[in-house]
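Everything below belongs to run_4.cif, which stores mmCIF, C-alpha atoms.
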data_upload
loop_
_atom_site.label_atom_id
_atom_site.label_comp_id
_atom_site.auth_asym_id
_atom_site.auth_seq_id
_atom_site.Cartn_x
_atom_site.Cartn_y
_atom_site.Cartn_z
CA MET A 274 0.00 0.00 0.00
CA THR A 275 1.29 3.47 -0.84
CA SER A 276 2.15 5.76 2.06
CA GLY A 277 -0.71 7.77 3.55
CA MET A 278 -3.31 6.01 1.37
CA THR A 279 -5.51 3.60 3.30
CA PRO A 280 -7.52 0.92 1.46
CA GLY A 281 -10.60 2.96 2.43
CA ALA A 282 -9.25 5.99 0.58
CA ILE A 283 -8.51 3.89 -2.50
CA ASP A 284 -11.99 2.41 -2.39
CA ARG A 285 -13.46 5.91 -2.11
CA LEU A 286 -11.38 7.09 -5.09
CA ILE A 287 -12.48 4.09 -7.15
CA GLY A 288 -16.09 4.58 -6.05
CA LEU A 289 -16.07 8.23 -7.14
CA LEU A 290 -14.35 7.50 -10.44
CA ALA A 291 -16.89 4.73 -11.14
CA ARG A 292 -19.64 7.35 -10.98
CA LEU A 293 -18.20 9.16 -14.02
CA PRO A 294 -19.90 8.54 -17.39
CA GLY A 295 -18.17 5.79 -19.34
CA LEU A 296 -16.48 4.25 -16.30
CA GLY A 297 -17.58 1.13 -14.48
CA PRO A 298 -15.94 -0.38 -11.37
CA ARG A 299 -13.27 -2.19 -13.40
CA SER A 300 -12.25 0.78 -15.51
CA ALA A 301 -12.41 2.99 -12.40
CA ARG A 302 -9.88 0.68 -10.72
CA ARG A 303 -7.60 0.97 -13.75
CA ALA A 304 -7.96 4.76 -13.76
CA ALA A 305 -7.25 4.96 -10.01
CA LEU A 306 -4.14 2.82 -10.38
CA HIS A 307 -2.98 4.93 -13.33
CA LEU A 308 -3.46 8.13 -11.32
CA LEU A 309 -1.57 6.70 -8.35
CA LYS A 310 1.32 5.67 -10.55
CA LYS A 311 1.47 9.17 -12.11
CA ARG A 312 0.97 11.04 -8.88
CA ASP A 313 3.01 14.19 -9.66
CA GLY A 314 2.48 14.29 -13.39
CA LEU A 315 -1.25 13.65 -13.47
CA MET A 316 -3.02 13.03 -10.17
CA LEU A 317 -2.08 16.24 -8.31
CA PRO A 318 -2.55 18.57 -11.32
CA LEU A 319 -5.88 16.88 -12.00
CA ALA A 320 -6.96 17.31 -8.38
CA GLU A 321 -5.97 20.99 -8.45
CA THR A 322 -7.73 21.56 -11.76
CA LEU A 323 -10.88 19.84 -10.51
CA ALA A 324 -10.91 21.98 -7.35
CA GLU A 325 -10.30 25.15 -9.38
CA ALA A 326 -13.03 24.23 -11.90
CA ALA A 327 -15.50 23.50 -9.10
CA ARG A 328 -14.70 26.92 -7.58
CA GLN A 329 -14.71 29.02 -10.73
CA ILE A 330 -17.07 27.52 -13.32
CA LYS A 331 -20.68 28.56 -12.95
CA PRO A 332 -23.77 28.79 -15.15
CA CYS A 333 -24.15 32.03 -17.10
CA ALA A 334 -27.10 33.96 -15.67
CA THR A 335 -28.03 35.13 -19.17
CA CYS A 336 -27.92 31.97 -21.29
CA GLY A 337 -27.23 29.03 -18.95
CA ASN A 338 -23.88 28.14 -20.55
CA LEU A 339 -21.02 27.03 -18.25
CA ASP A 340 -18.07 29.41 -18.01
CA VAL A 341 -15.69 31.00 -15.52
CA ALA A 342 -17.21 34.40 -16.28
CA ASP A 343 -20.78 35.53 -15.84
CA PRO A 344 -22.02 36.59 -18.41
CA CYS A 345 -20.15 33.91 -20.35
CA GLY A 346 -17.68 34.41 -23.19
CA ILE A 347 -20.34 33.77 -25.83
CA CYS A 348 -22.78 36.31 -24.39
CA THR A 349 -20.10 39.00 -24.19
CA ASP A 350 -18.53 38.29 -27.61
CA GLU A 351 -19.23 41.43 -29.64
CA ARG A 352 -18.53 39.64 -32.93
CA ARG A 353 -21.59 37.45 -32.46
CA ASP A 354 -24.95 38.30 -33.96
CA ARG A 355 -27.10 39.55 -31.08
CA SER A 356 -30.31 39.34 -33.10
CA VAL A 357 -30.33 35.52 -33.40
CA LEU A 358 -30.82 33.21 -30.45
CA CYS A 359 -30.39 29.44 -30.62
CA VAL A 360 -32.35 27.52 -27.99
CA VAL A 361 -30.78 24.21 -26.92
CA GLU A 362 -31.73 21.58 -24.38
CA ASP A 363 -28.40 21.20 -22.65
CA VAL A 364 -24.88 22.65 -22.50
CA ALA A 365 -23.69 19.53 -24.37
CA ASP A 366 -25.86 20.62 -27.34
CA LEU A 367 -24.37 24.12 -27.18
CA TRP A 368 -20.89 22.62 -27.25
CA ALA A 369 -21.87 20.42 -30.23
CA LEU A 370 -23.04 23.48 -32.20
CA GLU A 371 -19.90 25.40 -31.23
CA ARG A 372 -17.75 22.47 -32.35
CA ALA A 373 -19.43 22.59 -35.74
CA ALA A 374 -18.72 26.36 -35.93
CA VAL A 375 -21.83 26.92 -38.03
CA PHE A 376 -23.73 29.32 -35.79
CA ARG A 377 -22.56 32.83 -34.97
CA GLY A 378 -25.43 34.04 -32.85
CA ARG A 379 -26.01 33.56 -29.15
CA TYR A 380 -27.56 30.70 -27.19
CA HIS A 381 -30.14 29.93 -24.57
CA VAL A 382 -29.90 26.67 -22.60
CA LEU A 383 -33.28 25.36 -21.40
CA GLY A 384 -31.81 22.81 -19.00
CA GLY A 385 -33.95 19.90 -20.24
CA THR A 386 -37.23 19.20 -22.00
CA LEU A 387 -40.79 18.83 -20.83
CA SER A 388 -41.14 15.24 -19.75
CA ALA A 389 -44.23 13.64 -18.29
CA LEU A 390 -42.15 10.62 -17.38
CA ASP A 391 -39.58 12.50 -15.33
CA GLY A 392 -42.04 15.04 -13.98
CA VAL A 393 -40.32 17.98 -15.71
CA GLY A 394 -42.79 20.83 -16.19
CA PRO A 395 -42.43 24.31 -17.73
CA ASP A 396 -41.43 25.82 -14.37
CA ASP A 397 -38.46 23.47 -14.13
CA LEU A 398 -36.98 24.82 -17.37
CA ASN A 399 -35.28 28.12 -18.18
CA ILE A 400 -38.25 29.27 -20.29
CA ALA A 401 -39.26 32.43 -18.39
CA ALA A 402 -35.74 33.83 -18.88
CA LEU A 403 -35.97 33.04 -22.62
CA VAL A 404 -39.25 34.94 -22.91
CA ALA A 405 -37.70 37.87 -21.02
CA ARG A 406 -34.68 37.87 -23.38
CA ALA A 407 -36.99 37.71 -26.39
CA ARG A 408 -38.87 40.76 -25.15
CA GLY A 409 -35.62 42.65 -24.56
CA GLY A 410 -35.79 44.17 -28.05
CA GLU A 411 -32.49 42.87 -29.48
CA VAL A 412 -33.63 39.45 -30.69
CA ARG A 413 -35.26 39.08 -34.14
CA GLU A 414 -35.08 35.32 -34.66
CA ILE A 415 -35.13 32.34 -32.32
CA ILE A 416 -33.93 28.97 -33.62
CA LEU A 417 -35.26 26.00 -31.67
CA ALA A 418 -32.43 23.45 -31.85
CA LEU A 419 -34.21 20.78 -29.83
CA ASN A 420 -34.11 17.03 -30.31
CA ALA A 421 -36.43 15.47 -32.91
CA THR A 422 -38.13 13.42 -30.20
CA VAL A 423 -41.64 13.57 -28.77
CA ASP A 424 -40.35 15.37 -25.65
CA GLY A 425 -38.07 17.70 -27.64
CA GLN A 426 -40.78 18.77 -30.08
CA THR A 427 -43.43 19.05 -27.32
CA THR A 428 -41.06 21.51 -25.66
CA ALA A 429 -40.50 23.32 -28.97
CA HIS A 430 -44.25 23.77 -29.44
CA TYR A 431 -44.61 25.00 -25.85
CA VAL A 432 -41.80 27.55 -26.31
CA THR A 433 -43.34 28.66 -29.62
CA ASP A 434 -46.65 29.27 -27.82
CA ARG A 435 -44.95 31.28 -25.11
CA LEU A 436 -43.24 33.43 -27.77
CA ALA A 437 -46.43 34.00 -29.75
CA GLY A 438 -47.26 37.66 -30.16
CA SER A 439 -43.69 38.80 -29.51
CA GLY A 440 -43.14 39.53 -33.22
CA ILE A 441 -40.01 37.35 -33.28
CA ALA A 442 -39.46 34.84 -36.07
CA VAL A 443 -39.28 31.32 -34.61
CA SER A 444 -37.66 28.53 -36.64
CA ARG A 445 -36.48 25.01 -35.93
CA LEU A 446 -33.77 22.69 -37.22
CA ALA A 447 -34.68 20.56 -40.24
CA HIS A 448 -35.58 16.89 -39.76
CA GLY A 449 -34.48 14.40 -42.40
CA VAL A 450 -31.63 12.55 -44.09
CA PRO A 451 -28.32 13.00 -42.23
CA VAL A 452 -25.13 13.69 -44.17
CA GLY A 453 -23.77 10.30 -45.19
CA GLY A 454 -27.13 8.68 -44.55
CA GLU A 455 -28.26 5.92 -46.89
CA LEU A 456 -32.00 5.75 -47.55
CA ASP A 457 -32.02 1.96 -47.22
CA TYR A 458 -30.90 2.23 -43.59
CA LEU A 459 -33.14 5.09 -42.48
CA ASP A 460 -36.19 4.44 -40.33
CA ASP A 461 -39.68 5.18 -41.67
CA GLY A 462 -40.11 8.25 -39.48
CA THR A 463 -36.93 9.93 -40.73
CA LEU A 464 -37.83 9.15 -44.33
CA ALA A 465 -41.33 10.58 -43.84
CA ALA A 466 -39.90 13.74 -42.26
CA ALA A 467 -37.35 14.09 -45.04
CA LEU A 468 -39.99 13.75 -47.75
CA LYS A 469 -42.24 16.24 -45.98
CA ALA A 470 -39.39 18.77 -45.73
CA ARG A 471 -38.16 18.31 -49.33
CA ARG A 472 -37.20 21.40 -51.28
CA SER A 473 -36.62 22.25 -54.90
CA VAL A 474 -33.07 22.12 -56.25
CA MET B 83 -38.85 -17.92 -20.96
CA ASP B 84 -39.76 -15.68 -23.86
CA TRP B 85 -42.64 -14.40 -25.93
CA THR B 86 -43.21 -12.26 -29.00
CA ASP B 87 -46.08 -9.81 -29.20
CA ARG B 88 -47.25 -6.66 -30.89
CA GLY B 89 -46.75 -3.53 -28.83
CA ILE B 90 -46.98 0.24 -28.65
CA VAL B 91 -44.19 2.20 -26.97
CA LEU B 92 -45.50 4.09 -23.94
CA SER B 93 -42.20 5.39 -22.60
CA ALA B 94 -38.46 4.88 -22.74
CA ARG B 95 -36.05 6.23 -20.17
CA SER B 96 -32.28 5.97 -20.04
CA HIS B 97 -30.87 3.26 -17.84
CA GLY B 98 -27.13 3.57 -17.29
CA GLU B 99 -25.19 4.79 -20.26
CA ALA B 100 -26.37 2.58 -23.07
CA ALA B 101 -29.59 0.84 -22.06
CA LEU B 102 -33.20 1.97 -22.13
CA LEU B 103 -35.97 0.96 -19.79
CA VAL B 104 -38.88 0.61 -22.20
CA VAL B 105 -42.55 0.28 -21.28
CA LEU B 106 -44.82 -1.17 -23.97
CA LEU B 107 -48.55 -1.66 -24.16
CA THR B 108 -48.68 -5.13 -25.68
CA GLU B 109 -51.66 -6.92 -27.13
CA GLN B 110 -51.44 -10.15 -25.12
CA HIS B 111 -49.31 -9.14 -22.12
CA GLY B 112 -50.67 -5.71 -21.24
CA ARG B 113 -48.42 -2.91 -19.99
CA HIS B 114 -45.04 -4.56 -19.76
CA ALA B 115 -41.60 -3.13 -19.05
CA GLY B 116 -38.27 -4.49 -20.23
CA LEU B 117 -34.66 -3.51 -20.67
CA VAL B 118 -33.25 -2.77 -24.13
CA ARG B 119 -29.48 -3.19 -24.05
CA GLY B 120 -27.80 -0.63 -26.28
CA GLY B 121 -31.20 1.04 -26.77
CA GLN B 122 -29.85 4.57 -26.35
CA GLY B 123 -28.38 4.29 -29.81
CA HIS B 124 -31.83 3.57 -31.26
CA LYS B 125 -33.99 6.17 -29.56
CA ALA B 126 -35.93 6.87 -32.77
CA LEU B 127 -37.43 3.39 -32.52
CA TYR B 128 -38.52 3.89 -28.92
CA GLN B 129 -40.47 7.13 -29.31
CA PRO B 130 -43.85 7.05 -27.55
CA GLY B 131 -46.64 5.83 -29.82
CA ASN B 132 -44.44 3.81 -32.19
CA ARG B 133 -45.80 0.39 -33.09
CA VAL B 134 -43.30 -2.45 -32.69
CA THR B 135 -43.00 -6.20 -32.67
CA ALA B 136 -41.33 -7.04 -29.38
CA THR B 137 -39.61 -10.16 -28.14
CA TRP B 138 -39.22 -10.38 -24.38
CA ARG B 139 -36.77 -12.77 -22.73
CA ALA B 140 -36.02 -13.47 -19.09
CA ARG B 141 -34.91 -16.41 -16.98
CA LEU B 142 -37.94 -16.12 -14.69
CA ALA B 143 -41.35 -14.63 -15.40
CA GLU B 144 -41.04 -12.12 -12.55
CA HIS B 145 -37.74 -10.72 -13.85
CA LEU B 146 -37.62 -7.36 -15.64
CA GLY B 147 -36.28 -9.15 -18.73
CA ASN B 148 -34.85 -7.89 -21.98
CA TYR B 149 -36.70 -6.61 -25.00
CA SER B 150 -35.62 -6.70 -28.59
CA CYS B 151 -37.96 -4.72 -30.79
CA GLU B 152 -38.53 -4.25 -34.47
CA LEU B 153 -40.29 -1.13 -35.71
CA GLN B 154 -43.62 -1.75 -37.44
CA GLU B 155 -44.81 1.83 -37.80
CA SER B 156 -43.27 5.11 -36.78
CA VAL B 157 -46.37 6.84 -35.44
CA ALA B 158 -44.61 9.67 -33.60
CA ALA B 159 -42.50 11.04 -36.47
CA PRO B 160 -45.33 12.37 -38.69
CA LEU B 161 -46.90 14.06 -35.65
CA LEU B 162 -43.83 15.99 -34.51
CA ASP B 163 -44.88 19.09 -36.45
CA ASP B 164 -48.48 19.02 -35.25
CA PRO B 165 -48.66 20.42 -31.70
CA LEU B 166 -52.21 19.23 -30.96
CA ARG B 167 -51.88 15.69 -32.25
CA LEU B 168 -48.44 15.36 -30.63
CA ALA B 169 -49.89 16.52 -27.30
CA ALA B 170 -52.72 13.98 -27.67
CA LEU B 171 -50.24 11.19 -28.44
CA SER B 172 -48.14 12.07 -25.37
CA SER B 173 -51.28 12.26 -23.29
CA ALA B 174 -52.58 8.84 -24.44
CA CYS B 175 -49.22 7.20 -23.67
CA ALA B 176 -48.99 8.91 -20.27
CA VAL B 177 -52.58 7.95 -19.35
CA ALA B 178 -51.99 4.32 -20.43
CA GLU B 179 -48.81 4.17 -18.39
CA ALA B 180 -50.44 5.68 -15.31
CA ALA B 181 -53.78 3.88 -15.50
CA LEU B 182 -53.06 0.34 -16.62
CA PRO B 183 -51.86 -2.30 -14.20
CA GLU B 184 -48.58 -3.94 -15.11
CA ARG B 185 -48.60 -7.30 -16.92
CA GLU B 186 -52.39 -7.56 -17.02
CA PRO B 187 -53.62 -8.25 -20.56
CA HIS B 188 -56.14 -5.75 -21.91
CA ALA B 189 -56.52 -6.65 -25.57
CA ASP B 190 -59.53 -4.32 -25.89
CA ILE B 191 -57.57 -1.31 -24.63
CA TYR B 192 -54.69 -2.24 -26.93
CA ALA B 193 -57.09 -2.44 -29.89
CA GLY B 194 -58.53 0.93 -28.88
CA MET B 195 -55.06 2.46 -28.79
CA GLU B 196 -54.28 1.07 -32.25
CA ALA B 197 -57.53 2.61 -33.49
CA LEU B 198 -56.55 5.93 -31.89
CA LEU B 199 -53.12 5.89 -33.52
CA ALA B 200 -54.78 5.21 -36.89
CA ALA B 201 -57.27 8.02 -36.26
CA PHE B 202 -54.44 10.58 -35.96
CA ALA B 203 -54.28 10.53 -39.76
CA GLY B 204 -57.90 11.70 -40.05
CA PRO B 205 -59.95 14.70 -38.98
CA PHE B 206 -61.82 13.14 -36.04
CA TRP B 207 -58.84 12.10 -33.96
CA ALA B 208 -59.94 14.15 -30.93
CA GLU B 209 -63.25 12.30 -30.77
CA ALA B 210 -61.30 9.03 -31.11
CA TYR B 211 -59.13 10.14 -28.20
CA VAL B 212 -62.17 10.64 -25.96
CA ARG B 213 -63.60 7.27 -27.05
CA TRP B 214 -60.27 5.64 -26.20
CA GLU B 215 -60.24 7.07 -22.66
CA ILE B 216 -63.86 5.95 -22.14
CA GLY B 217 -62.70 2.54 -23.42
CA VAL B 218 -59.83 2.50 -20.88
CA LEU B 219 -62.39 3.05 -18.12
CA ALA B 220 -64.55 0.24 -19.50
CA GLY B 221 -61.55 -2.09 -19.85
CA LEU B 222 -60.62 -1.50 -16.21
CA GLY B 223 -64.16 -2.23 -15.04
CA PHE B 224 -65.41 1.33 -14.64
CA GLY B 225 -67.40 1.59 -17.86
CA LEU B 226 -70.01 4.32 -18.18
CA ASP B 227 -73.60 3.26 -18.81
CA LEU B 228 -74.74 5.56 -21.58
CA ALA B 229 -77.59 3.40 -22.91
CA SER B 230 -80.52 4.90 -21.02
CA CYS B 231 -81.46 7.53 -18.46
CA ALA B 232 -80.69 6.53 -14.86
CA ALA B 233 -83.82 8.32 -13.64
CA THR B 234 -86.47 7.50 -16.24
CA GLY B 235 -85.07 4.51 -18.12
CA SER B 236 -85.74 6.28 -21.41
CA ASN B 237 -83.07 6.69 -24.04
CA ASP B 238 -84.47 9.93 -25.38
CA GLN B 239 -82.37 13.12 -25.32
CA LEU B 240 -79.59 11.82 -23.11
CA ALA B 241 -77.59 14.91 -22.18
CA TYR B 242 -75.79 14.36 -18.88
CA VAL B 243 -73.83 11.75 -16.92
CA SER B 244 -74.19 11.31 -13.19
CA PRO B 245 -70.78 11.78 -11.54
CA ARG B 246 -71.87 9.38 -8.80
CA SER B 247 -73.11 6.41 -10.83
CA GLY B 248 -71.53 6.99 -14.26
CA ARG B 249 -74.97 6.54 -15.84
CA ALA B 250 -76.55 8.75 -18.47
CA VAL B 251 -79.30 11.19 -17.51
CA SER B 252 -81.84 12.65 -19.90
CA LEU B 253 -82.22 16.36 -20.56
CA ALA B 254 -85.62 16.50 -18.84
CA ALA B 255 -84.61 14.54 -15.75
CA GLY B 256 -81.23 16.22 -15.35
CA ASP B 257 -82.08 19.82 -16.11
CA ALA B 258 -82.76 20.76 -12.50
CA TYR B 259 -79.39 19.29 -11.43
CA ARG B 260 -77.31 20.35 -14.45
CA ASP B 261 -74.72 22.17 -12.33
CA ARG B 262 -73.90 18.91 -10.58
CA LEU B 263 -73.98 16.65 -13.63
CA LEU B 264 -71.33 16.10 -16.31
CA ARG B 265 -72.25 16.89 -19.91
CA LEU B 266 -72.61 13.89 -22.21
CA PRO B 267 -71.18 14.64 -25.67
CA GLY B 268 -73.50 13.51 -28.44
CA PHE B 269 -70.80 11.73 -30.45
CA LEU B 270 -70.41 9.17 -27.64
CA ILE B 271 -73.99 7.96 -28.14
CA GLY B 272 -74.06 8.10 -31.92
CA ARG B 273 -75.49 11.60 -32.16
CA ALA B 274 -72.59 13.14 -34.04
CA ARG B 275 -73.03 16.67 -35.30
CA ASN B 276 -71.12 16.09 -38.51
CA ASP B 277 -70.12 12.72 -40.00
CA ALA B 278 -68.32 11.14 -37.03
CA GLY B 279 -67.27 14.27 -35.20
CA GLY B 280 -68.79 16.27 -32.42
CA GLY B 281 -66.86 19.52 -32.65
CA ALA B 282 -64.48 21.07 -30.15
CA GLU B 283 -67.13 21.81 -27.54
CA GLU B 284 -68.23 18.17 -27.39
CA VAL B 285 -64.64 16.95 -27.36
CA LEU B 286 -63.93 19.18 -24.36
CA GLN B 287 -67.06 17.82 -22.66
CA GLY B 288 -65.79 14.31 -23.38
CA LEU B 289 -62.33 15.11 -21.98
CA THR B 290 -63.90 16.49 -18.81
CA LEU B 291 -66.15 13.42 -18.51
CA ALA B 292 -63.37 10.86 -19.03
CA GLY B 293 -60.91 12.85 -16.90
CA TYR B 294 -63.35 12.98 -13.99
CA PHE B 295 -63.86 9.20 -13.91
CA LEU B 296 -60.18 8.43 -14.57
CA GLU B 297 -59.23 10.51 -11.54
CA ARG B 298 -62.04 9.15 -9.39
CA HIS B 299 -61.80 5.44 -10.15
CA VAL B 300 -58.31 4.81 -11.49
CA LEU B 301 -55.71 7.43 -10.56
CA GLY B 302 -57.09 8.71 -7.25
CA PRO B 303 -57.23 5.32 -5.50
CA GLN B 304 -53.57 4.77 -6.47
CA GLY B 305 -52.61 8.18 -5.06
CA GLN B 306 -51.73 9.42 -8.54
CA LEU B 307 -52.49 12.77 -10.11
CA MET B 308 -53.64 13.25 -13.69
CA PRO B 309 -50.49 12.99 -15.88
CA ALA B 310 -49.07 16.43 -16.75
CA ALA B 311 -49.07 15.45 -20.45
CA ARG B 312 -52.88 15.07 -20.35
CA THR B 313 -53.36 18.39 -18.57
CA ARG B 314 -51.18 20.09 -21.19
CA PHE B 315 -53.15 18.41 -24.00
CA VAL B 316 -56.50 19.58 -22.60
CA ASP B 317 -55.13 23.13 -22.11
CA ARG B 318 -53.78 23.19 -25.65
CA PHE B 319 -57.00 21.79 -27.11
CA GLU B 320 -59.05 24.37 -25.22
CA ARG B 321 -56.80 27.21 -26.46
CA SER B 322 -56.86 25.92 -30.02
CA ALA B 323 -60.68 25.61 -29.94
CA THR B 324 -60.97 29.18 -28.70
CA ILE B 325 -58.64 30.53 -31.37
CA SER B 326 -59.96 28.55 -34.34
CA GLY B 327 -63.59 28.34 -33.24
CA ARG B 328 -63.53 24.63 -34.17
CA ASN B 329 -67.16 23.69 -33.59
#

Now that the file is in, can you turn its structure into structure tokens?
Amino acid sequence: MTSGMTPGAIDRLIGLLARLPGLGPRSARRAALHLLKKRDGLMLPLAETLAEAARQIKPCATCGNLDVADPCGICTDERRDRSVLCVVEDVADLWALERAAVFRGRYHVLGGTLSALDGVGPDDLNIAALVARARGGEVREIILALNATVDGQTTAHYVTDRLAGSGIAVSRLAHGVPVGGELDYLDDGTLAAALKARRSV
Amino acid sequence: MDWTDRGIVLSARSHGEAALLVVLLTEQHGRHAGLVRGGQGHKALYQPGNRVTATWRARLAEHLGNYSCELQESVAAPLLDDPLRLAALSSACAVAEAALPEREPHADIYAGMEALLAAFAGPFWAEAYVRWEIGVLAGLGFGLDLASCAATGSNDQLAYVSPRSGRAVSLAAGDAYRDRLLRLPGFLIGRARNDAGGGAEEVLQGLTLAGYFLERHVLGPQGQLMPAARTRFVDRFERSATISGRN
């Protein structure tokens, strides 16, 4: 046993690592052992970074993104189009859109979707803040980038209702054939949506 | 042990990182849950309302078991752009999940749900929705008696339903008590206003009627509230009826 590390502490480390996405008890044991072997090069810097991140990173009060600054870097970026707002379910979706580098407006993170199953209602989501932002006068278009699922689209329709009468154009992402998708492998629903949303070329 | 049956997806929630806990309304096995390993990569298949052929396998009958499903019809996808129909679909799935006992076959309720899903393609889907909920009550043993008036025995001008007995009441016998009685929509007793439909007002009467008895006989005794999806559907239908004047 390494000095100062009781079996209880190792078990606790493994237990915490096993709670991370993608790690089970076996892979958590491997990760713990790897960290212990690379104590100075990896474990201590990781521990310091985790503590610093926990202290500094917070949700942006404007859009719900995670950043060290509030408002976040995206909300304060003057090069971004302030008239277009992209509504996403989660920060992971915001990161996906940022990775693609296809959207130069600003975001609004709802924090989930309406779900009868999980008891998530409109008051549990960041919808009131979205309506307030929409009425602020700067926004001209809101893009609903929500999942093409029953819950995602139910939420999209609810948000659209709440924005009715604000004079803001509301659009949503297209549903249909993905890039690289082969028709033979697509499900009936996707094919139906793609046909419905066809456009002239 | 294993079986294969036709089913309708009622819900699917993530279980761990790759699996889904799927609840189906099956034709021969009722509301039945099962685990779909790797299901999170196939969420399109497990959208509420989709019709599937499901094979369930487990070592013992009382185990949760594993499902493997094949899509028969993607019901949810064409409704994603239609707020009202989508709300009705979510509501039907939520009501079925809340109201039906687990692993108790209800072939009649399953057949009613299939008819409802088919009705979403036509104009009188809202009436079909009300009929389905009345059918759920009947399937669970709380059927309404809409054949004749509880007070006079006549089947003329039935206009109300007694909230106490669930029996129809005629216009003449019920008029003095109309504030305490539930309205009986004409389309439920074959007095449709147009073709097979009753109009928005009658649909709302039907939703109130079915909702009252669902809460009283089915959800209330289990300590459950009306599913939020149904409340949202009724609100949306009411708003839409007010805006469009669908009558």

Per residue of chain B within 10 Å of chain A, which atom pair is closest and at what distance in Å (one decimal), using all atoms listed in the file, listed by chain and increasing number, as a tab-separated table?
residue	atom	partner	partner_atom	distance
B:Leu92	CA	A:Leu390	CA	9.8
B:Ser93	CA	A:Leu390	CA	7.4
B:Ala94	CA	A:Leu390	CA	8.7
B:Arg95	CA	A:Leu390	CA	8.0
B:Gly98	CA	A:Pro294	CA	8.8
B:Glu99	CA	A:Pro294	CA	7.1
B:Ala100	CA	A:Gly295	CA	9.6
B:Lys125	CA	A:Thr422	CA	8.4
B:Ala126	CA	A:Thr422	CA	7.4
B:Leu127	CA	A:Asp460	CA	8.0
B:Tyr128	CA	A:Thr422	CA	9.6
B:Gln129	CA	A:Val423	CA	6.6
B:Pro130	CA	A:Val423	CA	7.0
B:Gly131	CA	A:Val423	CA	9.3
B:Asn132	CA	A:Gly462	CA	9.6
B:Leu153	CA	A:Asp460	CA	8.3
B:Gln154	CA	A:Asp461	CA	9.0
B:Glu155	CA	A:Asp461	CA	7.2
B:Ser156	CA	A:Gly462	CA	5.2
B:Val157	CA	A:Gly462	CA	7.6
B:Ala158	CA	A:Val423	CA	6.9
B:Ala159	CA	A:Gly462	CA	4.7
B:Pro160	CA	A:Ala466	CA	6.6
B:Leu161	CA	A:Val423	CA	8.7
B:Leu162	CA	A:Gln426	CA	6.1
B:Asp163	CA	A:Gln426	CA	7.6
B:Asp164	CA	A:His430	CA	8.6
B:Pro165	CA	A:His430	CA	6.0
B:Leu166	CA	A:His430	CA	9.3
B:Leu168	CA	A:Thr427	CA	7.0
B:Ala169	CA	A:Thr427	CA	6.9
B:Leu171	CA	A:Val423	CA	8.9
B:Ser172	CA	A:Val423	CA	7.5
B:Ser173	CA	A:Ala389	CA	8.8
B:Cys175	CA	A:Ala389	CA	9.8
B:Ala176	CA	A:Ala389	CA	7.0
B:Glu179	CA	A:Leu390	CA	9.3
B:Ala180	CA	A:Leu390	CA	9.9
B:Pro309	CA	A:Ala389	CA	6.7
B:Ala310	CA	A:Ala389	CA	5.8
B:Ala311	CA	A:Ala389	CA	5.6
B:Arg312	CA	A:Ala389	CA	9.0
B:Arg314	CA	A:Tyr431	CA	9.4
B:Arg318	CA	A:Tyr431	CA	9.3

Resolved residues for the PyMOL selection byres ((chain A and resi 407) around 10) as number ranges by chain: A: 356-358, 401-406, 408-415, 436, 439-441

Apply the PyMOL selection byres ((chain B and resi 262) around 12) to the structure shown and report the selected residues as a CSV table (one decimal) with C-alpha atoms, keeping the file's coordinate frame.
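In the end it all went to result_6.csv:
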chain,number,residue,atom,x,y,z
B,242,TYR,CA,-75.8,14.4,-18.9
B,243,VAL,CA,-73.8,11.8,-16.9
B,244,SER,CA,-74.2,11.3,-13.2
B,245,PRO,CA,-70.8,11.8,-11.5
B,246,ARG,CA,-71.9,9.4,-8.8
B,251,VAL,CA,-79.3,11.2,-17.5
B,256,GLY,CA,-81.2,16.2,-15.4
B,257,ASP,CA,-82.1,19.8,-16.1
B,258,ALA,CA,-82.8,20.8,-12.5
B,259,TYR,CA,-79.4,19.3,-11.4
B,260,ARG,CA,-77.3,20.4,-14.4
B,261,ASP,CA,-74.7,22.2,-12.3
B,263,LEU,CA,-74.0,16.6,-13.6
B,264,LEU,CA,-71.3,16.1,-16.3
B,265,ARG,CA,-72.2,16.9,-19.9

The PyMOL selection byres ((chain A and resi 336-339) around 6) applied to the shown file, residues as a ChimeraX atom specification: /A:331-335,340,364,381-382

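The shell of residues at most 6 Å from segment 104-115 of chain B, with all atoms listed in the file counted and near chain neighbours (fewer than 2 positions) removed, consists of Arg88, Gly89, Ile90, Val91, Leu92, Ser93, Ala94, Leu102, Glu184, Arg185, Glu186, Pro187, His188, Ala189 and Tyr192 of chain B.
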
6 Å contact set for Gly194 of chain B, all atoms listed in the file, chain neighbours under 3 positions out, as a VMD selection string: chain B and resid 191 197 214

Between atom CA of Tyr458 of chain A and atom CA of Thr137 of chain B, distance in Å (one decimal):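 The value is 21.6 Å.
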
Residue nearest Glu284 of chain B among B:Asp317, B:Asp238, B:Glu209, B:Glu196 (counting all atoms listed in the file):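 Among B:Asp317, B:Asp238, B:Glu209, B:Glu196, it is B:Glu209 that comes nearest to Glu284 of chain B.
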
Gap from atom CA of Leu419 of chain A to atom CA of Arg445 of chain A - Å, one decimal: 7.8 Å

Shell of 9 Å around Glu320 of chain B, all atoms listed in the file, local chain residues under 5 positions omitted, as a PyMOL selection string: chain B and resi 282-283+286+315+325

Which residue of B:Gly217, B:Gly204, B:Gly116, B:Gly248 approaches Arg298 of chain B most closely, using only C-alpha atoms: B:Gly248

Within 10 Å of file point (-23.4, 39.2, -23.3), counting all atoms listed in the file, expressed as a ChimeraX atom specification: /A:333-336,343-351,353,355,379
